[in-house]
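Q: My structure is stored as structure_15.cif, with mmCIF, C-alpha atoms and all ligand atoms.
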data_final
loop_
_atom_site.label_atom_id
_atom_site.label_comp_id
_atom_site.auth_asym_id
_atom_site.auth_seq_id
_atom_site.Cartn_x
_atom_site.Cartn_y
_atom_site.Cartn_z
CA MET A 1 105.13 143.10 87.62
CA ASN A 2 103.18 140.01 88.74
CA PRO A 3 101.13 140.41 91.94
CA ILE A 4 102.65 138.82 95.04
CA ARG A 5 101.32 135.33 95.76
CA HIS A 6 100.88 134.14 99.33
CA PHE A 7 100.12 130.64 100.66
CA LEU A 8 97.97 131.38 103.69
CA GLN A 9 95.43 128.61 103.23
CA PHE A 10 95.22 125.61 100.92
CA LYS A 11 92.67 127.20 98.58
CA ASP A 12 95.07 130.06 97.76
CA LEU A 13 96.45 127.84 94.98
CA THR A 14 94.51 126.10 92.19
CA ALA A 15 94.40 122.41 91.24
CA GLU A 16 96.60 123.21 88.22
CA GLU A 17 99.17 124.92 90.44
CA PHE A 18 99.25 121.95 92.82
CA ALA A 19 99.70 119.57 89.87
CA TYR A 20 102.69 121.69 88.80
CA LEU A 21 104.08 121.82 92.37
CA PHE A 22 103.83 118.04 92.78
CA GLU A 23 105.74 117.54 89.50
CA ARG A 24 108.40 120.02 90.65
CA THR A 25 108.55 118.27 94.02
CA LYS A 26 109.36 114.98 92.31
CA GLN A 27 112.19 116.63 90.38
CA ILE A 28 113.59 118.57 93.34
CA LYS A 29 113.42 115.44 95.53
CA SER A 30 115.39 113.50 92.93
CA TYR A 31 118.13 116.20 92.92
CA PHE A 32 118.34 115.88 96.70
CA LYS A 33 118.47 112.09 96.64
CA SER A 34 121.28 112.08 94.05
CA TYR A 35 123.31 114.85 95.76
CA GLN A 36 122.84 117.12 92.75
CA LEU A 37 123.33 120.81 93.54
CA TYR A 38 120.28 122.90 92.69
CA HIS A 39 120.57 126.58 93.61
CA PRO A 40 117.78 128.62 92.01
CA LEU A 41 117.45 130.89 95.09
CA VAL A 42 121.02 132.16 95.47
CA ASP A 43 121.09 135.37 97.52
CA ARG A 44 117.41 135.02 98.50
CA THR A 45 116.47 135.17 102.17
CA LEU A 46 113.54 133.65 104.04
CA ALA A 47 112.48 135.03 107.44
CA MET A 48 110.79 132.39 109.63
CA ILE A 49 108.64 133.77 112.45
CA PHE A 50 107.63 131.29 115.13
CA GLU A 51 105.08 132.16 117.79
CA LYS A 52 104.64 128.45 118.60
CA GLN A 53 107.10 125.57 118.88
CA SER A 54 108.25 123.44 115.96
CA THR A 55 110.68 120.74 114.91
CA ARG A 56 109.68 119.73 111.36
CA THR A 57 108.50 123.10 110.06
CA ARG A 58 111.60 124.97 111.16
CA LEU A 59 113.97 122.28 109.97
CA SER A 60 112.31 121.74 106.59
CA PHE A 61 112.12 125.44 105.74
CA GLU A 62 115.61 126.23 106.98
CA ALA A 63 117.29 123.21 105.37
CA GLY A 64 115.17 123.66 102.23
CA MET A 65 116.17 127.28 101.76
CA HIS A 66 119.82 126.41 102.30
CA GLN A 67 119.63 123.55 99.79
CA LEU A 68 118.13 125.91 97.19
CA GLY A 69 121.12 128.24 97.58
CA GLY A 70 119.43 130.82 99.82
CA SER A 71 119.42 131.46 103.53
CA ALA A 72 116.87 131.48 106.34
CA ILE A 73 116.61 133.57 109.49
CA TYR A 74 114.78 132.25 112.56
CA LEU A 75 112.78 134.76 114.61
CA ASN A 76 110.55 134.04 117.58
CA THR A 77 108.16 136.05 119.68
CA ARG A 78 110.34 135.91 122.78
CA ASP A 79 113.40 137.50 121.21
CA THR A 80 111.78 140.05 118.91
CA GLN A 81 109.68 143.18 119.31
CA LEU A 82 106.64 141.14 118.23
CA GLY A 83 106.60 139.77 121.77
CA ARG A 84 106.54 143.33 123.14
CA GLY A 85 103.47 144.38 121.23
CA GLU A 86 104.87 145.87 117.99
CA PRO A 87 101.88 145.96 115.62
CA VAL A 88 101.83 143.10 113.12
CA GLU A 89 101.33 145.62 110.30
CA ASP A 90 104.53 147.50 111.23
CA ALA A 91 106.49 144.26 111.58
CA ALA A 92 105.27 143.15 108.15
CA LYS A 93 106.35 146.42 106.52
CA VAL A 94 109.82 146.28 108.06
CA ILE A 95 110.56 142.56 107.71
CA SER A 96 109.37 142.44 104.11
CA ARG A 97 111.78 145.25 103.15
CA MET A 98 114.72 143.11 104.23
CA VAL A 99 113.96 139.60 103.03
CA ASP A 100 112.45 137.93 99.94
CA MET A 101 109.87 135.71 101.63
CA VAL A 102 108.34 135.15 105.07
CA MET A 103 107.05 131.99 106.76
CA ILE A 104 104.92 132.44 109.89
CA ARG A 105 103.65 130.03 112.55
CA THR A 106 101.20 131.81 114.80
CA TYR A 107 97.84 131.65 116.59
CA GLU A 108 94.79 133.16 114.85
CA GLN A 109 94.65 133.09 111.04
CA GLU A 110 93.72 136.75 111.25
CA ILE A 111 97.29 137.57 112.37
CA ILE A 112 98.89 136.07 109.28
CA GLU A 113 96.27 137.68 107.02
CA ARG A 114 97.10 141.09 108.50
CA PHE A 115 100.81 140.44 108.08
CA ALA A 116 100.35 139.41 104.44
CA ALA A 117 98.20 142.45 103.70
CA HIS A 118 101.18 144.67 104.61
CA SER A 119 103.98 142.53 103.19
CA ARG A 120 105.92 143.33 100.02
CA VAL A 121 106.96 139.69 99.67
CA PRO A 122 105.22 136.27 99.63
CA VAL A 123 104.01 134.97 103.01
CA ILE A 124 103.64 131.25 103.78
CA ASN A 125 101.47 129.80 106.56
CA GLY A 126 103.61 127.48 108.70
CA LEU A 127 100.54 126.66 110.88
CA THR A 128 97.82 128.72 112.51
CA ASN A 129 95.00 127.69 114.84
CA GLU A 130 92.83 127.32 111.73
CA TYR A 131 95.09 125.83 109.02
CA HIS A 132 98.28 123.91 108.23
CA PRO A 133 98.49 124.03 104.41
CA CYS A 134 102.17 123.08 104.03
CA GLN A 135 101.54 119.83 105.93
CA ILE A 136 98.60 118.83 103.74
CA MET A 137 100.62 119.57 100.61
CA ALA A 138 103.28 117.13 101.88
CA ASP A 139 100.62 114.58 102.86
CA ILE A 140 98.99 114.64 99.44
CA PHE A 141 102.36 114.33 97.72
CA THR A 142 103.04 111.31 99.95
CA TYR A 143 99.72 109.78 98.89
CA ILE A 144 100.51 110.39 95.21
CA GLU A 145 103.95 108.76 95.56
CA ARG A 146 102.30 105.57 96.88
CA HIS A 147 99.02 105.32 95.01
CA GLY A 148 98.83 108.02 92.30
CA SER A 149 96.21 110.77 92.04
CA ILE A 150 94.08 111.49 95.13
CA ARG A 151 91.15 112.63 92.94
CA GLY A 152 87.97 110.71 93.81
CA LYS A 153 89.60 108.96 96.79
CA THR A 154 88.33 108.93 100.39
CA VAL A 155 90.25 110.28 103.36
CA ALA A 156 88.97 109.40 106.85
CA TRP A 157 89.68 112.04 109.47
CA VAL A 158 89.31 110.74 113.04
CA GLY A 159 89.58 113.14 115.99
CA ASP A 160 89.61 116.89 116.52
CA SER A 161 88.26 119.28 113.88
CA ASN A 162 91.48 121.28 114.12
CA ASN A 163 93.85 123.08 111.72
CA MET A 164 94.78 119.80 110.00
CA CYS A 165 91.15 118.71 109.59
CA ASN A 166 90.12 122.12 108.21
CA THR A 167 92.94 121.99 105.69
CA TRP A 168 92.05 118.46 104.53
CA LEU A 169 88.50 119.74 103.96
CA GLN A 170 89.74 122.65 101.83
CA ALA A 171 92.10 120.38 99.91
CA ALA A 172 89.20 118.01 99.13
CA VAL A 173 87.37 120.85 97.37
CA VAL A 174 90.43 122.04 95.45
CA LEU A 175 91.62 118.57 94.38
CA ASP A 176 88.22 116.84 94.19
CA PHE A 177 88.33 114.03 96.74
CA ASN A 178 86.14 113.13 99.74
CA VAL A 179 86.71 113.43 103.48
CA HIS A 180 84.82 111.34 106.04
CA VAL A 181 85.04 113.14 109.36
CA SER A 182 84.35 111.68 112.77
CA THR A 183 84.79 113.92 115.82
CA PRO A 184 83.46 113.54 119.36
CA PRO A 185 80.24 115.47 120.06
CA GLY A 186 81.05 119.11 120.71
CA TYR A 187 84.14 119.10 118.46
CA GLU A 188 82.41 119.06 115.05
CA VAL A 189 83.66 120.86 111.95
CA GLU A 190 82.69 124.52 111.72
CA PRO A 191 82.48 125.10 107.95
CA GLU A 192 82.99 128.84 108.18
CA ARG A 193 86.09 128.51 110.37
CA ALA A 194 87.36 125.85 107.95
CA GLY A 195 86.96 128.37 105.12
CA LEU A 196 84.64 126.02 103.27
CA TYR A 197 82.57 127.45 100.45
CA ASP A 198 81.52 123.98 99.32
CA THR A 199 80.46 121.27 101.78
CA THR A 200 79.77 118.56 99.18
CA HIS A 201 83.21 116.98 99.61
CA TYR A 202 82.81 115.90 103.20
CA GLU A 203 80.50 113.79 105.34
CA GLN A 204 80.22 113.68 109.12
CA PHE A 205 80.04 110.27 110.90
CA ASP A 206 79.15 109.71 114.57
CA ASP A 207 81.09 106.45 114.69
CA PRO A 208 84.78 106.61 113.65
CA MET A 209 84.56 102.99 112.42
CA ASP A 210 81.97 104.07 109.86
CA ALA A 211 84.15 107.00 108.77
CA CYS A 212 87.04 104.59 108.14
CA PHE A 213 85.02 102.01 106.23
CA GLY A 214 86.57 101.63 102.76
CA ALA A 215 88.80 104.70 103.16
CA ASP A 216 91.98 105.02 101.07
CA LEU A 217 93.72 106.97 103.80
CA VAL A 218 93.09 107.19 107.55
CA THR A 219 94.53 110.17 109.36
CA THR A 220 94.42 111.80 112.76
CA ASP A 221 96.27 114.33 114.90
CA VAL A 222 96.80 115.21 118.55
CA TRP A 223 93.73 115.63 120.70
CA THR A 224 95.04 118.93 122.07
CA SER A 225 96.66 121.33 119.62
CA MET A 226 99.13 124.06 120.54
CA GLY A 227 97.31 126.95 122.16
CA PHE A 228 94.53 124.75 123.61
CA GLU A 229 96.53 123.19 126.47
CA ALA A 230 94.05 124.43 129.12
CA GLU A 231 91.48 121.97 127.68
CA ASN A 232 93.84 118.98 127.86
CA ASP A 233 92.16 117.00 130.69
CA GLU A 234 88.67 117.47 129.29
CA ARG A 235 89.86 116.46 125.81
CA LEU A 236 91.58 113.32 127.14
CA ARG A 237 88.17 112.20 128.42
CA ASP A 238 86.14 113.31 125.40
CA PHE A 239 88.38 111.70 122.74
CA GLN A 240 88.84 108.23 124.31
CA ASP A 241 86.75 106.49 121.61
CA TRP A 242 88.51 108.32 118.76
CA GLN A 243 91.82 106.47 118.93
CA VAL A 244 92.95 105.05 115.56
CA ASP A 245 93.62 101.37 116.18
CA ALA A 246 94.07 98.13 114.23
CA GLU A 247 90.32 97.55 114.03
CA MET A 248 89.76 100.93 112.37
CA MET A 249 92.56 100.28 109.90
CA ALA A 250 91.03 96.86 109.14
CA HIS A 251 87.74 98.65 108.35
CA ALA A 252 89.61 100.83 105.88
CA GLY A 253 91.15 97.91 104.04
CA ASP A 254 94.52 96.41 103.11
CA GLN A 255 95.70 99.20 100.84
CA ALA A 256 94.78 102.06 103.18
CA LEU A 257 97.57 104.36 104.32
CA PHE A 258 97.86 105.86 107.79
CA MET A 259 99.10 109.45 108.18
CA HIS A 260 99.84 111.72 111.14
CA CYS A 261 101.54 115.12 110.84
CA LEU A 262 103.54 114.45 114.05
CA PRO A 263 104.39 114.90 116.86
CA ALA A 264 102.23 111.92 117.91
CA HIS A 265 101.08 110.57 121.26
CA ARG A 266 101.08 106.77 121.08
CA GLY A 267 98.27 105.43 123.25
CA GLU A 268 96.16 108.56 122.77
CA GLU A 269 95.07 109.46 119.22
CA VAL A 270 96.80 106.41 117.71
CA THR A 271 98.06 103.06 118.92
CA ALA A 272 101.76 102.22 118.58
CA GLY A 273 100.70 99.22 116.48
CA VAL A 274 99.19 101.51 113.82
CA ILE A 275 101.72 104.34 113.72
CA ASP A 276 104.65 101.91 113.72
CA GLY A 277 102.81 99.36 111.58
CA PRO A 278 102.65 98.48 107.87
CA HIS A 279 99.98 101.03 106.85
CA SER A 280 101.89 103.97 108.30
CA VAL A 281 103.74 106.43 106.04
CA VAL A 282 104.45 109.04 108.70
CA TRP A 283 108.23 109.23 108.09
CA ASP A 284 107.72 109.81 104.35
CA GLU A 285 105.17 112.49 105.25
CA ALA A 286 107.70 114.24 107.47
CA GLU A 287 110.48 114.05 104.86
CA ASN A 288 108.18 115.31 102.12
CA ARG A 289 107.70 118.56 104.02
CA LEU A 290 111.22 119.39 102.84
CA HIS A 291 110.68 118.59 99.18
CA THR A 292 107.18 120.06 98.74
CA GLN A 293 108.14 123.31 100.47
CA LYS A 294 111.22 123.67 98.29
CA ALA A 295 108.93 123.46 95.25
CA LEU A 296 106.58 125.97 96.87
CA MET A 297 109.35 128.47 97.65
CA GLU A 298 110.77 128.16 94.15
CA TYR A 299 107.28 128.80 92.70
CA LEU A 300 106.45 131.78 94.92
CA LEU A 301 109.81 133.43 94.24
CA ILE A 302 110.51 132.71 90.60
CA GLY A 303 107.23 131.41 89.21
CA LYS A 304 106.67 128.55 86.80
CA LEU A 305 109.78 127.31 85.06
CA ALA A 306 109.36 127.17 81.31
N1 LIG A 401 104.00 118.58 111.64
C1 LIG A 401 104.57 119.72 112.06
O1 LIG A 401 104.25 120.82 111.60
O2 LIG A 401 105.56 119.54 112.98
P1 LIG A 401 106.30 120.66 113.84
O3 LIG A 401 105.31 121.19 114.84
O4 LIG A 401 107.44 119.93 114.49
O5 LIG A 401 106.78 121.75 112.93
N1 LIG A 402 97.19 120.29 115.32
C1 LIG A 402 98.54 120.36 115.82
C2 LIG A 402 99.52 120.19 114.70
C3 LIG A 402 100.96 120.25 115.12
C4 LIG A 402 101.91 120.13 113.96
C5 LIG A 402 98.76 121.68 116.53
O1 LIG A 402 98.29 122.71 116.03
O2 LIG A 402 99.38 121.69 117.60
#
If you took the structure in this file and wrote it as structure tokens, what would it be?
A:
Amino acid sequence: MNPIRHFLQFKDLTAEEFAYLFERTKQIKSYFKSYQLYHPLVDRTLAMIFEKQSTRTRLSFEAGMHQLGGSAIYLNTRDTQLGRGEPVEDAAKVISRMVDMVMIRTYEQEIIERFAAHSRVPVINGLTNEYHPCQIMADIFTYIERHGSIRGKTVAWVGDSNNMCNTWLQAAVVLDFNVHVSTPPGYEVEPERAGLYDTTHYEQFDDPMDACFGADLVTTDVWTSMGFEAENDERLRDFQDWQVDAEMMAHAGDQALFMHCLPAHRGEEVTAGVIDGPHSVVWDEAENRLHTQKALMEYLLIGKLA
């Protein structure tokens, strides 16, 4: 029997596996767009555990599983014994005896790692404080749809060195592209927390304009991520000069794309002009969560199709 594969951080899969997944995504997306039934996961069940809020992640996994012929069960901390202190290890043993796959959105990465270590079935990271690998998979597929391979390209990350930033940095190593990072002082990348074993694919810039210069893709995220709300006022002050605006996009160039995982705060990390403007591909990014995750679930459950 093949060992169970999890997707807990971006580097859990290889460049070859991502190439395969992006090809499958194209195919699976075309079935969806032409109303063609595709049910490889009949009778398979996905448990989705949410310890934080979500719109896109819940919807894309639940709809995706349904469209593949399977079903999805939504669990949250409030309504389950997880919220009353049942050990993660026990929950993993029980839940993974009843379903075929588990998706978890939680706080520390350590929680999902512990869950996976005791799970009999594949576990997918639906966002932790440290990483958001499913989002970056969708973002890179969105880039490929517009401009082809991301290999050798430059992504400018402007803002907080959060779960999205860490995952871009991992993806750059796996898929061989560059990330220019600009964060306010005190919010710099922590390579160890980002799970980086190779720091040659990113460069830190004090001035966000310099980070954006010549970039193929400019991306940002909220200034205050879920779980860090107590720092909101301080962050509002500290991040004022890290708003992606028309001038930054002009520095990047005509062909540059703008991405944001959403939800966005217009007037904070990005201007309305940019997110609703011609460079922005945020709605494609959101939709591609559905298609890329369907390819991922198919792969984790039934492997490579011949
Ligand atoms: N981008 C993203 O993960 O959105 P949700 O928080 O709505 O799931
Ligand atoms: N960095 C954000 C992403 C939300 C999808 C957060 O963790 O809240």
Q: Between A:Trp223, A:Phe213, A:Phe177, A:Tyr31, which one has atoms that come closest to ligand LIG 402 (chain A), using all atoms listed in the file?
A: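 That would be A:Trp223, the residue with the smallest distance to ligand LIG 402 (chain A).
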Q: Point out the residue among A:Leu127, A:Ala246, A:Leu175, A:Ile302 with the least atom-to-atom distance to ligand LIG 402 (chain A), counting all atoms listed in the file.
A: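 Nearest to ligand LIG 402 (chain A): A:Leu127.
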Q: Would you mind reading off the distance between atom O5 of ligand LIG 401 (chain A) and atom CA of A:Val218, one decimal, in Å?
A: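 For atom O5 of ligand LIG 401 (chain A) relative to atom CA of A:Val218, the distance reads 20.7 Å.
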Q: Kindly provide, as a PyMOL selection string, all nucleotide and amino acid residues lying within 7 Å of ligand LIG 401 (chain A), counting all atoms listed in the file.
A: chain A and resi 53-58+127+135+261-263
Q: Kindly provide, as a ChimeraX atom specification, all nucleotide and amino acid residues lying within 6 Å of ligand LIG 402 (chain A), counting all atoms listed in the file.
A: /A:162-164,225-226,261-262
Q: Take the residues from that selection and put them in a file with C-alpha atoms, as a compact mmCIF listing (two decimals), in the coordinates of the input.
A:
# COMPACT_ATOMS: atom_id res chain seq x y z
CA ASN A 162 91.48 121.28 114.12
CA ASN A 163 93.85 123.08 111.72
CA MET A 164 94.78 119.80 110.00
CA SER A 225 96.66 121.33 119.62
CA MET A 226 99.13 124.06 120.54
CA CYS A 261 101.54 115.12 110.84
CA LEU A 262 103.54 114.45 114.05
Q: Would you kindly return, as a list of chain:residue names, each protein, DNA or RNA residue with an atom no farther than 7 Å from any atom of stretch 11-21 of chain A, considering all atoms listed in the file and excluding same-chain residues fewer than 6 positions away?
A: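 Close residues of stretch 11-21 of chain A: A:Gln170, A:Ala171, A:Val174, A:Leu175, A:Ala295, A:Leu296.
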Q: Please indicate the distance in Å from atom CA of A:Ala156 to atom CA of A:Arg289, rounded to one decimal place.
A: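 The value is 21.0 Å.
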Q: Mind checking which residues fall within 8 Å of stretch 116-118 of chain A, counting only C-alpha atoms, ignoring those fewer than 5 positions away in the same chain, and posting them as a PyMOL selection string?
A: chain A and resi 6+89-90+92-93+123
Q: Can you pull out every residue within 12 Å of stretch 206-212 of chain A, counting only C-alpha atoms, but drop anything in the same chain fewer than 2 positions away, and send it as an MDAnalysis selection string?
A: chainID A and resid 154:160 178:188 202:204 214:220 239:253 256:258
Q: Pick from A:Ser161, A:Thr167, A:Thr224, A:Ser149: nearest to A:Glu23, with only C-alpha atoms counted?
A: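 The answer is A:Ser149, which sits nearest to A:Glu23.
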Q: In Å, rounded to a single decimal, give me how far atom CA of A:Gln293 is from atom CA of A:Phe32.
A: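 Straight-line distance from atom CA of A:Phe32 to atom CA of A:Gln293 works out to 13.2 Å.
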Q: I'd like the neighbourhood of A:Tyr35 as a list in words, where a residue qualifies if any of its atoms comes within 12 Å (using only C-alpha atoms), though same-chain residues fewer than 6 positions away should be ignored.
A: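 What passes the distance filter is Ile28, Lys29 and Gln67 of chain A.
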Q: How about completing stretch 44-55 of chain A with all heavy atoms and giving it to me as a CSV table (one decimal), in the frame of the given file?
A:
chain,number,residue,atom,x,y,z
A,44,ARG,N,118.8,134.7,98.0
A,44,ARG,CA,117.4,135.0,98.5
A,44,ARG,C,117.4,134.6,100.0
A,44,ARG,O,118.0,133.7,100.4
A,44,ARG,CB,116.4,134.2,97.7
A,44,ARG,CG,116.4,134.4,96.2
A,44,ARG,CD,116.0,135.8,95.8
A,44,ARG,NE,115.9,135.8,94.4
A,44,ARG,CZ,114.7,135.9,93.7
A,44,ARG,NH1,113.6,136.0,94.4
A,44,ARG,NH2,114.7,136.0,92.4
A,45,THR,N,116.6,135.4,100.7
A,45,THR,CA,116.5,135.2,102.2
A,45,THR,C,115.0,134.9,102.6
A,45,THR,O,114.1,135.7,102.2
A,45,THR,CB,117.0,136.4,102.9
A,45,THR,OG1,118.3,136.7,102.4
A,45,THR,CG2,117.1,136.1,104.4
A,46,LEU,N,114.8,134.0,103.4
A,46,LEU,CA,113.5,133.6,104.0
A,46,LEU,C,113.6,134.0,105.5
A,46,LEU,O,114.5,133.6,106.2
A,46,LEU,CB,113.3,132.1,103.9
A,46,LEU,CG,112.1,131.6,104.7
A,46,LEU,CD1,110.7,132.0,104.1
A,46,LEU,CD2,112.1,130.1,104.8
A,47,ALA,N,112.6,134.8,106.0
A,47,ALA,CA,112.5,135.0,107.4
A,47,ALA,C,111.4,134.1,107.9
A,47,ALA,O,110.3,133.9,107.3
A,47,ALA,CB,112.0,136.5,107.7
A,48,MET,N,111.7,133.4,109.0
A,48,MET,CA,110.8,132.4,109.6
A,48,MET,C,110.4,132.9,111.0
A,48,MET,O,111.2,133.0,111.9
A,48,MET,CB,111.5,131.0,109.8
A,48,MET,CG,112.1,130.5,108.5
A,48,MET,SD,112.8,128.8,108.8
A,48,MET,CE,114.0,129.2,110.0
A,49,ILE,N,109.1,133.2,111.2
A,49,ILE,CA,108.6,133.8,112.4
A,49,ILE,C,107.9,132.7,113.2
A,49,ILE,O,106.8,132.2,112.7
A,49,ILE,CB,107.7,135.0,112.2
A,49,ILE,CG1,108.5,136.1,111.4
A,49,ILE,CG2,107.2,135.5,113.5
A,49,ILE,CD1,107.6,137.2,111.0
A,50,PHE,N,108.3,132.3,114.3
A,50,PHE,CA,107.6,131.3,115.1
A,50,PHE,C,107.1,131.9,116.4
A,50,PHE,O,107.8,132.3,117.3
A,50,PHE,CB,108.6,130.1,115.5
A,50,PHE,CG,108.8,129.2,114.3
A,50,PHE,CD1,109.9,129.4,113.4
A,50,PHE,CD2,108.0,128.1,114.1
A,50,PHE,CE1,110.1,128.6,112.3
A,50,PHE,CE2,108.2,127.3,113.0
A,50,PHE,CZ,109.3,127.5,112.1
A,51,GLU,N,105.7,131.8,116.5
A,51,GLU,CA,105.1,132.2,117.8
A,51,GLU,C,104.7,130.9,118.6
A,51,GLU,O,104.1,131.0,119.7
A,51,GLU,CB,103.9,133.0,117.5
A,51,GLU,CG,104.2,134.3,116.8
A,51,GLU,CD,103.3,135.5,117.2
A,51,GLU,OE1,103.6,136.1,118.2
A,51,GLU,OE2,102.4,135.7,116.4
A,52,LYS,N,104.9,129.7,117.9
A,52,LYS,CA,104.6,128.4,118.6
A,52,LYS,C,105.9,127.6,118.3
A,52,LYS,O,106.6,127.9,117.4
A,52,LYS,CB,103.4,127.8,118.0
A,52,LYS,CG,102.1,128.4,118.3
A,52,LYS,CD,101.0,127.7,117.5
A,52,LYS,CE,99.6,128.2,117.8
A,52,LYS,NZ,98.6,127.6,117.0
A,53,GLN,N,106.0,126.5,119.1
A,53,GLN,CA,107.1,125.6,118.9
A,53,GLN,C,107.1,124.8,117.6
A,53,GLN,O,106.0,124.7,117.0
A,53,GLN,CB,107.2,124.6,120.1
A,53,GLN,CG,107.6,125.3,121.3
A,53,GLN,CD,107.2,124.5,122.5
A,53,GLN,OE1,106.1,124.1,122.7
A,53,GLN,NE2,108.2,124.1,123.3
A,54,SER,N,108.2,124.2,117.2
A,54,SER,CA,108.2,123.4,116.0
A,54,SER,C,109.6,122.7,115.9
A,54,SER,O,110.6,123.1,116.3
A,54,SER,CB,108.2,124.4,114.7
A,54,SER,OG,108.5,123.7,113.6
A,55,THR,N,109.5,121.5,115.3
A,55,THR,CA,110.7,120.7,114.9
A,55,THR,C,110.7,120.7,113.4
A,55,THR,O,111.6,121.2,112.7
A,55,THR,CB,110.7,119.3,115.5
A,55,THR,OG1,110.7,119.4,116.9
A,55,THR,CG2,111.9,118.5,115.1
